[in-house]
Every structure is written in C-alpha cells, then in structure tokens.
file coords-v8.csv (CSV, C-alpha atoms and all ligand atoms)
chain,number,residue,atom,x,y,z
U,1,MET,CA,-8.5,-4.6,-35.5
U,2,ALA,CA,-5.6,-3.5,-33.3
U,3,ILE,CA,-5.5,-4.9,-29.8
U,4,SER,CA,-6.0,-2.0,-27.4
U,5,PHE,CA,-4.0,-1.4,-24.2
U,6,SER,CA,-5.2,2.2,-24.1
U,7,LEU,CA,-7.2,3.4,-21.1
U,8,ALA,CA,-8.1,6.7,-22.8
U,9,GLY,CA,-11.5,7.9,-21.5
U,10,LYS,CA,-11.4,5.5,-18.5
U,11,ALA,CA,-11.6,6.4,-14.8
U,12,ALA,CA,-9.6,4.3,-12.4
U,13,LEU,CA,-9.7,4.1,-8.6
U,14,VAL,CA,-6.5,2.7,-6.8
U,15,THR,CA,-6.3,2.1,-3.1
U,16,GLY,CA,-3.1,2.6,-1.1
U,17,ALA,CA,-1.3,4.5,-3.9
U,18,ASN,CA,0.9,6.8,-1.9
U,19,THR,CA,3.9,4.4,-2.2
U,20,GLY,CA,5.1,1.1,-3.5
U,21,ILE,CA,3.1,-1.1,-5.9
U,22,GLY,CA,-0.1,1.1,-5.7
U,23,GLN,CA,1.9,4.2,-6.7
U,24,ALA,CA,3.5,2.4,-9.7
U,25,ILE,CA,0.1,1.1,-10.8
U,26,ALA,CA,-1.7,4.4,-10.4
U,27,VAL,CA,0.9,6.2,-12.5
U,28,ALA,CA,1.0,3.5,-15.1
U,29,LEU,CA,-2.8,3.7,-15.5
U,30,ALA,CA,-2.5,7.4,-16.0
U,31,GLU,CA,0.3,6.9,-18.6
U,32,ALA,CA,-2.0,4.6,-20.4
U,33,GLY,CA,-4.7,7.3,-20.5
U,34,ALA,CA,-6.9,6.9,-17.5
U,35,ASP,CA,-7.9,9.6,-15.0
U,36,VAL,CA,-7.2,8.3,-11.5
U,37,ALA,CA,-8.7,8.5,-8.1
U,38,LEU,CA,-6.5,7.6,-5.1
U,39,ALA,CA,-8.0,6.3,-1.9
U,40,GLY,CA,-5.8,5.9,1.2
U,41,ARG,CA,-4.9,7.1,4.7
U,42,SER,CA,-1.6,8.8,3.9
U,43,GLU,CA,-1.2,11.9,1.8
U,44,PRO,CA,-0.2,10.7,-1.7
U,45,THR,CA,1.6,13.9,-2.6
U,46,GLU,CA,4.3,12.3,-4.9
U,47,THR,CA,1.7,10.1,-6.7
U,48,ILE,CA,-0.6,13.1,-7.4
U,49,ALA,CA,2.4,15.0,-8.9
U,50,LEU,CA,3.4,12.0,-11.1
U,51,ILE,CA,-0.2,11.5,-12.4
U,52,GLU,CA,-0.7,15.2,-13.1
U,53,ALA,CA,2.6,15.2,-15.0
U,54,THR,CA,1.1,12.8,-17.4
U,55,GLY,CA,-1.7,15.3,-18.1
U,56,ARG,CA,-4.4,13.1,-16.5
U,57,LYS,CA,-6.8,14.2,-13.8
U,58,CYS,CA,-6.1,13.0,-10.2
U,59,VAL,CA,-8.6,12.9,-7.4
U,60,ASN,CA,-7.5,12.3,-3.8
U,61,ILE,CA,-9.8,10.5,-1.4
U,62,LYS,CA,-8.8,10.3,2.3
U,63,ALA,CA,-9.9,6.9,3.7
U,64,ASP,CA,-8.8,4.5,6.3
U,65,LEU,CA,-9.6,1.1,4.7
U,66,SER,CA,-9.0,-0.9,7.8
U,67,SER,CA,-12.8,-1.2,8.1
U,68,ILE,CA,-15.6,-1.0,5.5
U,69,GLU,CA,-17.0,2.2,7.0
U,70,PRO,CA,-15.7,4.5,4.3
U,71,VAL,CA,-16.4,2.2,1.3
U,72,GLN,CA,-19.5,3.8,-0.2
U,73,ARG,CA,-18.1,7.3,0.4
U,74,VAL,CA,-14.9,6.4,-1.5
U,75,ILE,CA,-16.9,5.3,-4.5
U,76,ASP,CA,-19.2,8.3,-4.3
U,77,GLU,CA,-16.2,10.7,-4.1
U,78,ALA,CA,-14.5,9.0,-7.0
U,79,VAL,CA,-17.7,9.2,-9.1
U,80,ALA,CA,-18.1,12.9,-8.1
U,81,GLY,CA,-14.6,13.6,-9.2
U,82,LEU,CA,-14.2,11.5,-12.3
U,83,GLY,CA,-17.8,10.8,-13.3
U,84,LYS,CA,-17.6,7.0,-12.9
U,85,VAL,CA,-15.3,4.2,-11.9
U,86,ASP,CA,-14.4,1.9,-14.8
U,87,ILE,CA,-11.4,0.3,-13.2
U,88,LEU,CA,-10.8,-0.6,-9.5
U,89,VAL,CA,-7.4,-1.7,-8.3
U,90,ASN,CA,-7.6,-3.1,-4.7
U,91,ASN,CA,-4.0,-2.7,-3.7
U,92,ALA,CA,-4.0,-1.4,0.0
U,93,GLY,CA,-2.7,-4.1,2.3
U,94,ILE,CA,-0.8,-4.8,5.4
U,95,ILE,CA,1.2,-7.7,6.8
U,96,ARG,CA,1.7,-8.8,10.5
U,97,ARG,CA,4.5,-11.2,11.4
U,98,ASP,CA,4.6,-13.4,14.5
U,99,ASP,CA,5.2,-17.0,15.6
U,100,LEU,CA,2.1,-19.1,15.0
U,101,LEU,CA,1.8,-20.2,18.6
U,102,GLN,CA,1.4,-16.7,19.9
U,103,PHE,CA,-0.3,-15.1,16.9
U,104,SER,CA,-2.8,-12.6,18.3
U,105,GLU,CA,-6.5,-12.1,17.4
U,106,GLU,CA,-5.6,-8.4,16.7
U,107,ASP,CA,-3.0,-9.4,14.1
U,108,TRP,CA,-5.5,-11.8,12.6
U,109,ASP,CA,-8.4,-9.3,12.4
U,110,ALA,CA,-6.4,-6.3,11.2
U,111,VAL,CA,-5.0,-8.2,8.2
U,112,MET,CA,-8.2,-10.0,7.3
U,113,ASP,CA,-10.2,-6.7,7.5
U,114,THR,CA,-7.9,-4.6,5.4
U,115,ASN,CA,-6.7,-7.2,2.9
U,116,LEU,CA,-9.9,-9.1,2.4
U,117,LYS,CA,-13.1,-7.7,3.9
U,118,THR,CA,-12.6,-4.1,2.6
U,119,LEU,CA,-11.4,-5.5,-0.8
U,120,PHE,CA,-14.6,-7.4,-1.2
U,121,PHE,CA,-17.0,-4.7,-0.1
U,122,LEU,CA,-15.2,-1.9,-2.1
U,123,SER,CA,-15.4,-4.2,-5.2
U,124,GLN,CA,-19.1,-4.8,-4.5
U,125,ALA,CA,-19.8,-1.0,-4.3
U,126,ALA,CA,-17.7,-0.3,-7.4
U,127,ALA,CA,-19.3,-3.2,-9.3
U,128,LYS,CA,-22.8,-1.8,-9.0
U,129,GLY,CA,-21.9,1.2,-11.3
U,130,MET,CA,-19.9,-1.0,-13.6
U,131,VAL,CA,-22.9,-3.4,-14.0
U,132,GLU,CA,-25.2,-0.4,-14.7
U,133,ARG,CA,-22.8,0.8,-17.4
U,134,GLY,CA,-22.3,-2.7,-18.8
U,135,GLY,CA,-18.6,-3.0,-18.2
U,136,GLY,CA,-15.6,-2.6,-15.9
U,137,LYS,CA,-12.4,-4.1,-14.6
U,138,ILE,CA,-11.5,-5.1,-11.0
U,139,VAL,CA,-7.8,-5.9,-10.3
U,140,ASN,CA,-7.0,-7.3,-6.9
U,141,ILE,CA,-3.5,-7.4,-5.6
U,142,ALA,CA,-3.0,-11.0,-4.3
U,143,SER,CA,0.4,-12.5,-3.3
U,144,LEU,CA,2.5,-15.6,-3.6
U,145,LEU,CA,0.7,-16.5,-0.4
U,146,THR,CA,-2.4,-16.9,-2.4
U,147,PHE,CA,-0.7,-20.2,-3.4
U,148,GLN,CA,1.7,-20.8,-0.5
U,149,GLY,CA,1.6,-20.7,3.3
U,150,GLY,CA,4.6,-18.6,4.1
U,151,ILE,CA,6.2,-18.5,7.5
U,152,ARG,CA,5.0,-16.4,10.5
U,153,VAL,CA,2.3,-14.7,8.5
U,154,PRO,CA,-0.9,-16.8,9.0
U,155,SER,CA,-3.4,-14.0,8.7
U,156,TYR,CA,-1.7,-12.7,5.6
U,157,ALA,CA,-1.7,-16.2,4.0
U,158,ALA,CA,-5.4,-16.6,4.9
U,159,ALA,CA,-6.4,-13.1,3.6
U,160,LYS,CA,-4.4,-13.4,0.3
U,161,SER,CA,-5.7,-17.0,-0.3
U,162,GLY,CA,-9.1,-15.4,0.3
U,163,VAL,CA,-8.4,-12.8,-2.3
U,164,GLY,CA,-7.8,-15.6,-4.9
U,165,GLY,CA,-11.2,-17.1,-3.9
U,166,VAL,CA,-13.2,-13.9,-4.0
U,167,THR,CA,-11.5,-12.9,-7.3
U,168,LYS,CA,-13.0,-16.1,-8.8
U,169,ALA,CA,-16.3,-15.7,-7.1
U,170,MET,CA,-16.8,-12.2,-8.3
U,171,ALA,CA,-15.5,-13.1,-11.8
U,172,ASN,CA,-18.2,-15.8,-12.1
U,173,GLU,CA,-21.1,-13.6,-11.2
U,174,LEU,CA,-19.9,-10.4,-13.0
U,175,ALA,CA,-18.7,-12.0,-16.3
U,176,PRO,CA,-22.2,-12.0,-17.8
U,177,LYS,CA,-22.5,-8.3,-16.9
U,178,GLY,CA,-19.3,-7.4,-18.8
U,179,VAL,CA,-17.1,-6.9,-15.8
U,180,GLN,CA,-13.8,-8.8,-15.6
U,181,VAL,CA,-12.2,-9.5,-12.2
U,182,ASN,CA,-8.6,-10.7,-12.0
U,183,ALA,CA,-5.8,-10.6,-9.5
U,184,ILE,CA,-2.0,-10.1,-9.7
U,185,ALA,CA,0.2,-12.1,-7.4
U,186,PRO,CA,3.4,-10.1,-7.0
U,187,GLY,CA,6.6,-11.9,-6.2
U,188,TYR,CA,9.2,-10.4,-3.9
U,189,ILE,CA,9.0,-6.7,-4.6
U,190,SER,CA,11.1,-4.1,-2.9
U,191,THR,CA,8.7,-1.9,-0.9
U,192,ASN,CA,7.9,-0.9,2.7
U,193,ASN,CA,6.0,-4.1,3.0
U,194,THR,CA,9.1,-6.2,2.5
U,195,ALA,CA,11.7,-3.9,4.1
U,196,ALA,CA,12.1,-6.3,7.1
U,197,LEU,CA,12.8,-9.2,4.7
U,198,GLN,CA,15.3,-7.2,2.6
U,199,GLY,CA,17.0,-6.2,5.8
U,200,ASP,CA,17.4,-9.8,7.1
U,201,GLU,CA,20.7,-11.0,5.4
U,202,THR,CA,19.8,-14.7,5.6
U,203,ARG,CA,16.2,-14.4,4.4
U,204,ASN,CA,17.3,-12.0,1.6
U,205,ARG,CA,19.9,-14.5,0.4
U,206,GLN,CA,17.5,-17.4,0.5
U,207,ILE,CA,14.9,-15.4,-1.4
U,208,LEU,CA,17.3,-14.3,-4.1
U,209,GLU,CA,18.6,-17.9,-4.5
U,210,ARG,CA,15.1,-19.0,-5.4
U,211,ILE,CA,14.1,-16.3,-7.9
U,212,PRO,CA,15.1,-17.4,-11.4
U,213,THR,CA,15.4,-13.8,-12.5
U,214,GLY,CA,17.9,-13.3,-9.7
U,215,ARG,CA,16.7,-10.0,-8.4
U,216,TRP,CA,13.9,-8.5,-6.2
U,217,GLY,CA,11.1,-7.1,-8.3
U,218,ASP,CA,10.5,-3.3,-8.6
U,219,PRO,CA,7.0,-1.9,-8.2
U,220,LYS,CA,7.1,-0.9,-11.8
U,221,ASP,CA,7.4,-4.6,-12.7
U,222,ILE,CA,3.7,-5.0,-11.5
U,223,ALA,CA,2.4,-2.0,-13.5
U,224,GLY,CA,2.4,-3.7,-16.9
U,225,ALA,CA,0.2,-6.5,-15.7
U,226,ALA,CA,-2.1,-4.0,-14.1
U,227,VAL,CA,-2.5,-2.0,-17.3
U,228,PHE,CA,-3.1,-5.2,-19.3
U,229,LEU,CA,-5.8,-6.4,-16.8
U,230,ALA,CA,-7.4,-2.9,-16.9
U,231,SER,CA,-7.5,-2.6,-20.7
U,232,PRO,CA,-9.7,-4.0,-23.5
U,233,ALA,CA,-6.7,-6.3,-24.3
U,234,SER,CA,-7.8,-8.6,-21.4
U,235,ASP,CA,-11.6,-8.6,-22.1
U,236,TYR,CA,-11.6,-12.4,-22.3
U,237,VAL,CA,-9.5,-12.9,-19.2
U,238,THR,CA,-11.4,-13.2,-16.0
U,239,GLY,CA,-11.1,-15.1,-12.7
U,240,HIS,CA,-7.3,-15.4,-13.2
U,241,VAL,CA,-4.5,-14.8,-10.7
U,242,LEU,CA,-1.5,-13.6,-12.7
U,243,ALA,CA,1.8,-14.2,-11.0
U,244,VAL,CA,4.4,-11.5,-11.6
U,245,ASP,CA,7.2,-13.1,-9.7
U,246,GLY,CA,10.4,-13.3,-11.7
U,247,GLY,CA,9.7,-17.1,-12.0
U,248,TRP,CA,9.4,-17.9,-8.3
U,249,LEU,CA,6.4,-20.2,-8.7
U,250,ALA,CA,8.0,-22.0,-11.6
U,251,ARG,CA,10.8,-23.3,-9.3
H,301,LIG,P1,3.4,-0.7,1.0
H,301,LIG,O1,4.5,0.1,0.4
H,301,LIG,O2,3.4,-1.0,2.5
H,301,LIG,O3,2.0,-0.2,0.5
H,301,LIG,C1,0.8,-0.6,1.1
H,301,LIG,C2,-0.3,0.4,0.8
H,301,LIG,O4,-1.5,0.1,1.4
H,301,LIG,C3,0.1,1.8,1.4
H,301,LIG,O5,-0.3,2.8,0.5
H,301,LIG,C4,-0.6,1.8,2.7
H,301,LIG,O6,-0.8,3.1,3.2
H,301,LIG,C5,-1.9,1.2,2.2
H,301,LIG,N1,-2.7,0.8,3.4
H,301,LIG,C6,-2.4,-0.1,4.3
H,301,LIG,N2,-3.3,-0.1,5.3
H,301,LIG,C7,-4.3,0.8,4.9
H,301,LIG,C8,-5.5,1.3,5.5
H,301,LIG,N3,-5.9,0.9,6.6
H,301,LIG,N4,-6.2,2.3,4.8
H,301,LIG,C9,-5.7,2.8,3.7
H,301,LIG,N5,-4.6,2.4,3.1
H,301,LIG,C10,-3.8,1.4,3.7
H,301,LIG,O7,3.5,-2.2,0.4
H,301,LIG,P2,3.4,-2.8,-1.1
H,301,LIG,O8,4.4,-3.9,-1.2
H,301,LIG,O9,3.4,-1.7,-2.1
H,301,LIG,O10,1.9,-3.4,-1.0
H,301,LIG,C11,0.9,-3.2,-1.9
H,301,LIG,C12,0.1,-4.5,-2.0
H,301,LIG,O11,0.9,-5.5,-2.6
H,301,LIG,C13,-0.4,-5.1,-0.7
H,301,LIG,O12,-1.7,-5.6,-0.9
H,301,LIG,C14,0.6,-6.2,-0.4
H,301,LIG,O13,0.0,-7.2,0.4
H,301,LIG,C15,0.8,-6.7,-1.9
H,301,LIG,N6,2.0,-7.5,-2.1
H,301,LIG,C16,3.3,-6.9,-1.9
H,301,LIG,C17,4.4,-7.7,-2.2
H,301,LIG,C18,5.8,-7.2,-2.0
H,301,LIG,O14,6.7,-8.0,-2.2
H,301,LIG,N7,6.0,-6.0,-1.7
H,301,LIG,C19,4.2,-9.1,-2.5
H,301,LIG,C20,2.9,-9.6,-2.7
H,301,LIG,C21,1.8,-8.7,-2.5
H,301,LIG,P3,0.2,3.7,4.3
H,301,LIG,O15,1.4,4.1,3.6
H,301,LIG,O16,-0.6,4.8,4.9
H,301,LIG,O17,0.5,2.5,5.3

call {"tool": "encode", "arguments": {"input": "coords-v8.csv", "output": "structure tokens"}}
result
Amino acid sequence: MAISFSLAGKAALVTGANTGIGQAIAVALAEAGADVALAGRSEPTETIALIEATGRKCVNIKADLSSIEPVQRVIDEAVAGLGKVDILVNNAGIIRRDDLLQFSEEDWDAVMDTNLKTLFFLSQAAAKGMVERGGGKIVNIASLLTFQGGIRVPSYAAAKSGVGGVTKAMANELAPKGVQVNAIAPGYISTNNTAALQGDETRNRQILERIPTGRWGDPKDIAGAAVFLASPASDYVTGHVLAVDGGWLAR
C-alpha cells in the first residue's frame, strides 16, 4: 500500500496564517488537498488568494486569540464553513523581550495566554469533534525554546516549554481515540517574529555561525513537516516534537 501524504477530503484550521510560518503551512495544506479555515486577528488577504489559487476552499475567521473567549466560536465557524475540522495547526504566537530583572507581569501573561492557554483550549474544542469522528491531527508550533532557555524571553521559553508538555499530555489521552498530537520546533526562521534578531548584526552573525545549514530558515521549510504531521503518513507518530532547525540542536 502506498504511503499517503495526501490531505484530499480533509478540513484544516490554521491560526495566525496571514503571514510567516502560518501562511506557509496553510498554503501547503491546501496544496496537499485540504480545505483550509484561517483564524486570526489580521486580514489574511494574501493567504486566502494563495489557497484559492490551489483550487481549495478557504474560510476566514476573525478572532483575537490573546484570550480563550473566541475559541468555541472559531471551531463552530470552521465546522459551519468546511463541515468539520480534521487538522488543527496551532501557529499563532507572540514574543516579548526584556531583561529578566524587569520583566513585567503583562509581558508574562500576554505570551502565556496566546502561546499556551489558547493553544490548549482551542485543541480541546477541536478534539471533541475529532474524537466523535474517530480521528484527527493536532500540530502545535513549538520552538527551540521548548528545549532551551533563550535570553531575555522568559515568558516565551515558559510558554513554548509548556507547548511541549501539553503536546505530550494531549497525545497520551487522545491516541486511543485515533487523534495524533505533535509539535514542530522551528529553528531560526525569517519572519516578523525574528525581524529584531535579523536586524541585530552581532546576534545575526552568532546565530548563523551555529546553524550547520548556514542560513536562516524560510517559512516554507516548516511546511513539509506540517503536511507530514497532518497526513496519514504520520499515523503512528504522536507526542513528538519535531525540530526543523537546519541542525541547530545537533550542535
Ligand atoms: P509572525 O510572522 O509574527 O506570525 C505570528 C502569527 O500569529 C501572525 O499571524 C499573528 O497575527 C498571529 N497572532 C499573534 N497574536 C495573535 C492573537 N492575539 N490573535 C490572533 N493571531 C495572533 O511570526 P512567525 O515566526 O511566523 O510565528 C509563527 C509561530 O512560529 C509562532 O508560534 C512562533 O512563536 C513560532 N516560531 C517562530 C520562529 C521563528 O524563527 N520565526 C521560531 C520558533 C517558533 P498578526 O499578524 O495579527 O500579529
């Protein structure tokens, strides 16, 4: 039997897909055959056009994911538009940088709420339908700071380490129900999220020196892993955090 990376007939929901990694993943899922719902606070005009150009259906859901208030509505609108949610990609995320000794409660809560709390409760809401239908895929976007501490980003390190934890926790309970839950840990990818690092000549050089592949990643570098983890080809993979980092963690 041929191994299937096809997502034909599947419905996916991707958060934060107006730009960056989320956009690349949403378009790749459509190219692999899925209809795609987008949930985010900014208008994803370009992403909608790219998905529709593949011939797949695209549903746009306006939602500020800094709290769990819109979570059930997001799932309801995705189901109303696409009939179901087979694949959830929790990509929306923020980062706040400041010295540890003055790091504020606001910068702590904002990152923990968007990057971890909403990710968990959106997954919970999506998983109910997946369990009812006997299958599904949840892909969380983690980080190298799921494994490392970083510098001047304590709430991001805490939230992304938490993403690794809840990925495994969800995987354990949902595996018997046919739902796989995995995460992708992107390395240094050139997006809005890392614009400050790319613009800092010293940090940029230090980062490039450590990446065996010798370049920043492109959002498209993450898309192949996302399609794999959304497809039947990964049906026996669950609770895993897959680094897509040009070899960073191997150093
Ligand atoms: P990005 O270009 O800044 O994209 C982040 C996405 O999340 C945007 O669509 C953003 O929408 C959305 N978002 C943020 N807060 C939101 C909110 N309250 N409600 C709804 N949507 C919200 O950065 P990116 O690099 O592609 O990041 C995507 C994910 O990858 C994040 O989880 C990030 O932590 C992770 N990651 C990135 C890297 C990297 O090197 N770039 C490395 C490891 C992990 P707006 O445009 O409206 O802000």

call {"tool": "closest_atom_pairs", "arguments": {"input": "coords-v8.csv", "of": "chain U", "to": "ligand LIG 301 (chain H)", "cutoff": "9 Å", "atoms": "only C-alpha atoms and all ligand atoms", "output": "JSON lines"}}
result
{"residue": "U:Thr15", "atom": "CA", "partner": "H:LIG301", "partner_atom": "N5", "distance": 6.4}
{"residue": "U:Gly16", "atom": "CA", "partner": "H:LIG301", "partner_atom": "O5", "distance": 3.2}
{"residue": "U:Ala17", "atom": "CA", "partner": "H:LIG301", "partner_atom": "O5", "distance": 4.8}
{"residue": "U:Asn18", "atom": "CA", "partner": "H:LIG301", "partner_atom": "O5", "distance": 4.8}
{"residue": "U:Thr19", "atom": "CA", "partner": "H:LIG301", "partner_atom": "O1", "distance": 5.1}
{"residue": "U:Gly20", "atom": "CA", "partner": "H:LIG301", "partner_atom": "O9", "distance": 3.6}
{"residue": "U:Ile21", "atom": "CA", "partner": "H:LIG301", "partner_atom": "O9", "distance": 3.9}
{"residue": "U:Gly22", "atom": "CA", "partner": "H:LIG301", "partner_atom": "O9", "distance": 5.7}
{"residue": "U:Gln23", "atom": "CA", "partner": "H:LIG301", "partner_atom": "O9", "distance": 7.6}
{"residue": "U:Ala24", "atom": "CA", "partner": "H:LIG301", "partner_atom": "O9", "distance": 8.6}
{"residue": "U:Ala39", "atom": "CA", "partner": "H:LIG301", "partner_atom": "C9", "distance": 7.0}
{"residue": "U:Gly40", "atom": "CA", "partner": "H:LIG301", "partner_atom": "C9", "distance": 4.0}
{"residue": "U:Arg41", "atom": "CA", "partner": "H:LIG301", "partner_atom": "C9", "distance": 4.5}
{"residue": "U:Ser42", "atom": "CA", "partner": "H:LIG301", "partner_atom": "O16", "distance": 4.2}
{"residue": "U:Glu43", "atom": "CA", "partner": "H:LIG301", "partner_atom": "O16", "distance": 7.8}
{"residue": "U:Pro44", "atom": "CA", "partner": "H:LIG301", "partner_atom": "O5", "distance": 8.2}
{"residue": "U:Lys62", "atom": "CA", "partner": "H:LIG301", "partner_atom": "C9", "distance": 8.2}
{"residue": "U:Ala63", "atom": "CA", "partner": "H:LIG301", "partner_atom": "C9", "distance": 5.9}
{"residue": "U:Asp64", "atom": "CA", "partner": "H:LIG301", "partner_atom": "N4", "distance": 3.7}
{"residue": "U:Leu65", "atom": "CA", "partner": "H:LIG301", "partner_atom": "N4", "distance": 3.6}
{"residue": "U:Ser66", "atom": "CA", "partner": "H:LIG301", "partner_atom": "N3", "distance": 3.8}
{"residue": "U:Ser67", "atom": "CA", "partner": "H:LIG301", "partner_atom": "N3", "distance": 7.4}
{"residue": "U:Asn90", "atom": "CA", "partner": "H:LIG301", "partner_atom": "O12", "distance": 7.4}
{"residue": "U:Asn91", "atom": "CA", "partner": "H:LIG301", "partner_atom": "O12", "distance": 4.6}
{"residue": "U:Ala92", "atom": "CA", "partner": "H:LIG301", "partner_atom": "O4", "distance": 3.2}
{"residue": "U:Gly93", "atom": "CA", "partner": "H:LIG301", "partner_atom": "O12", "distance": 3.7}
{"residue": "U:Ile94", "atom": "CA", "partner": "H:LIG301", "partner_atom": "C6", "distance": 5.1}
{"residue": "U:Ile95", "atom": "CA", "partner": "H:LIG301", "partner_atom": "O13", "distance": 6.5}
{"residue": "U:Ala110", "atom": "CA", "partner": "H:LIG301", "partner_atom": "N3", "distance": 8.6}
{"residue": "U:Val111", "atom": "CA", "partner": "H:LIG301", "partner_atom": "N2", "distance": 8.8}
{"residue": "U:Asp113", "atom": "CA", "partner": "H:LIG301", "partner_atom": "N3", "distance": 8.8}
{"residue": "U:Thr114", "atom": "CA", "partner": "H:LIG301", "partner_atom": "N3", "distance": 6.0}
{"residue": "U:Asn115", "atom": "CA", "partner": "H:LIG301", "partner_atom": "O12", "distance": 6.5}
{"residue": "U:Asn140", "atom": "CA", "partner": "H:LIG301", "partner_atom": "O12", "distance": 8.2}
{"residue": "U:Ile141", "atom": "CA", "partner": "H:LIG301", "partner_atom": "O12", "distance": 5.3}
{"residue": "U:Ala142", "atom": "CA", "partner": "H:LIG301", "partner_atom": "C21", "distance": 5.6}
{"residue": "U:Ser143", "atom": "CA", "partner": "H:LIG301", "partner_atom": "C20", "distance": 3.9}
{"residue": "U:Leu144", "atom": "CA", "partner": "H:LIG301", "partner_atom": "C20", "distance": 6.1}
{"residue": "U:Leu145", "atom": "CA", "partner": "H:LIG301", "partner_atom": "C20", "distance": 7.6}
{"residue": "U:Tyr156", "atom": "CA", "partner": "H:LIG301", "partner_atom": "O13", "distance": 7.8}
{"residue": "U:Lys160", "atom": "CA", "partner": "H:LIG301", "partner_atom": "O13", "distance": 7.6}
{"residue": "U:Ile184", "atom": "CA", "partner": "H:LIG301", "partner_atom": "C21", "distance": 8.3}
{"residue": "U:Ala185", "atom": "CA", "partner": "H:LIG301", "partner_atom": "C20", "distance": 6.0}
{"residue": "U:Pro186", "atom": "CA", "partner": "H:LIG301", "partner_atom": "C20", "distance": 4.4}
{"residue": "U:Gly187", "atom": "CA", "partner": "H:LIG301", "partner_atom": "C19", "distance": 5.2}
{"residue": "U:Tyr188", "atom": "CA", "partner": "H:LIG301", "partner_atom": "O14", "distance": 3.9}
{"residue": "U:Ile189", "atom": "CA", "partner": "H:LIG301", "partner_atom": "O14", "distance": 3.6}
{"residue": "U:Ser190", "atom": "CA", "partner": "H:LIG301", "partner_atom": "N7", "distance": 5.6}
{"residue": "U:Thr191", "atom": "CA", "partner": "H:LIG301", "partner_atom": "O8", "distance": 4.8}
{"residue": "U:Asn192", "atom": "CA", "partner": "H:LIG301", "partner_atom": "O1", "distance": 4.2}
{"residue": "U:Asn193", "atom": "CA", "partner": "H:LIG301", "partner_atom": "O2", "distance": 4.1}
{"residue": "U:Thr194", "atom": "CA", "partner": "H:LIG301", "partner_atom": "N7", "distance": 5.2}
{"residue": "U:Ala195", "atom": "CA", "partner": "H:LIG301", "partner_atom": "N7", "distance": 8.4}
{"residue": "U:Trp216", "atom": "CA", "partner": "H:LIG301", "partner_atom": "O14", "distance": 8.3}
{"residue": "U:Gly217", "atom": "CA", "partner": "H:LIG301", "partner_atom": "O14", "distance": 7.6}
{"residue": "U:Asp218", "atom": "CA", "partner": "H:LIG301", "partner_atom": "N7", "distance": 8.7}
{"residue": "U:Pro219", "atom": "CA", "partner": "H:LIG301", "partner_atom": "O9", "distance": 7.1}
{"residue": "U:Asp245", "atom": "CA", "partner": "H:LIG301", "partner_atom": "C19", "distance": 8.8}

call {"tool": "closest_atom_pairs", "arguments": {"input": "coords-v8.csv", "of": "segment 146-241 of chain U", "to": "segment 2-7 of chain U", "cutoff": "9 Å", "atoms": "all atoms listed in the file", "output": "tab-separated table"}}
result
residue	atom	partner	partner_atom	distance
U:Val227	CA	U:Phe5	CA	7.1
U:Phe228	CA	U:Phe5	CA	6.3
U:Ala230	CA	U:Leu7	CA	7.6
U:Ser231	CA	U:Phe5	CA	5.1
U:Pro232	CA	U:Ser4	CA	5.7
U:Ala233	CA	U:Ser4	CA	5.3
U:Ser234	CA	U:Phe5	CA	8.6

call {"tool": "atom_distance", "arguments": {"input": "coords-v8.csv", "atom1": "atom CA of Ala196 of chain U", "atom2": "atom CA of Ala243 of chain U"}}
result
22.3 Å

call {"tool": "residues_around", "arguments": {"input": "coords-v8.csv", "residues": "Gly136 of chain U", "least_positions_apart": "5", "cutoff": "12 Å", "atoms": "only C-alpha atoms", "output": "PyMOL selection string"}}
result
chain U and resi 7+10-13+84-89+123+126-131+171+174-182+229-232+234-235+238

call {"tool": "atom_distance", "arguments": {"input": "coords-v8.csv", "atom1": "atom CA of Val14 of chain U", "atom2": "atom CA of Val36 of chain U"}}
result
7.3 Å

call {"tool": "atom_distance", "arguments": {"input": "coords-v8.csv", "atom1": "atom CA of Thr54 of chain U", "atom2": "atom CA of Ala30 of chain U"}}
result
6.6 Å

call {"tool": "residues_near_point", "arguments": {"input": "coords-v8.csv", "point": "(12.6, -17.3, -10.9)", "cutoff": "10 Å", "atoms": "all atoms listed in the file", "output": "ChimeraX atom specification"}}
result
/U:187,207-215,245-251

call {"tool": "residues_around", "arguments": {"input": "coords-v8.csv", "residues": "Ser155 of chain U", "least_positions_apart": "3", "cutoff": "7 Å", "atoms": "all atoms listed in the file", "output": "list in words"}}
result
Trp108, Val111, Met112, Ala158 and Ala159 of chain U

call {"tool": "closest_residue", "arguments": {"input": "coords-v8.csv", "among": "U:Leu100, U:Leu119, U:Ile138, U:Ala28", "to": "Gly150 of chain U", "atoms": "only C-alpha atoms"}}
result
U:Leu100

call {"tool": "residues_around", "arguments": {"input": "coords-v8.csv", "residues": "Lys57 of chain U", "least_positions_apart": "2", "cutoff": "9 Å", "atoms": "only C-alpha atoms", "output": "ChimeraX atom specification"}}
result
/U:30,34-37,48,51-52,54-55,59,82

call {"tool": "closest_residue", "arguments": {"input": "coords-v8.csv", "among": "U:Leu197, U:Val71, U:Val27, U:Val163", "to": "Phe147 of chain U", "atoms": "only C-alpha atoms"}}
result
U:Val163

call {"tool": "closest_residue", "arguments": {"input": "coords-v8.csv", "among": "U:Ala183, U:Ile61, U:Leu50, U:Leu38", "to": "Lys137 of chain U", "atoms": "all atoms listed in the file"}}
result
U:Ala183

call {"tool": "closest_residue", "arguments": {"input": "coords-v8.csv", "among": "U:Ala169, U:Arg152, U:Ala78, U:Ala223", "to": "Leu101 of chain U", "atoms": "all atoms listed in the file"}}
result
U:Arg152

call {"tool": "closest_residue", "arguments": {"input": "coords-v8.csv", "among": "U:Asp221, U:Asp200, U:Glu105, U:Glu173", "to": "Gly239 of chain U", "atoms": "all atoms listed in the file"}}
result
U:Glu173
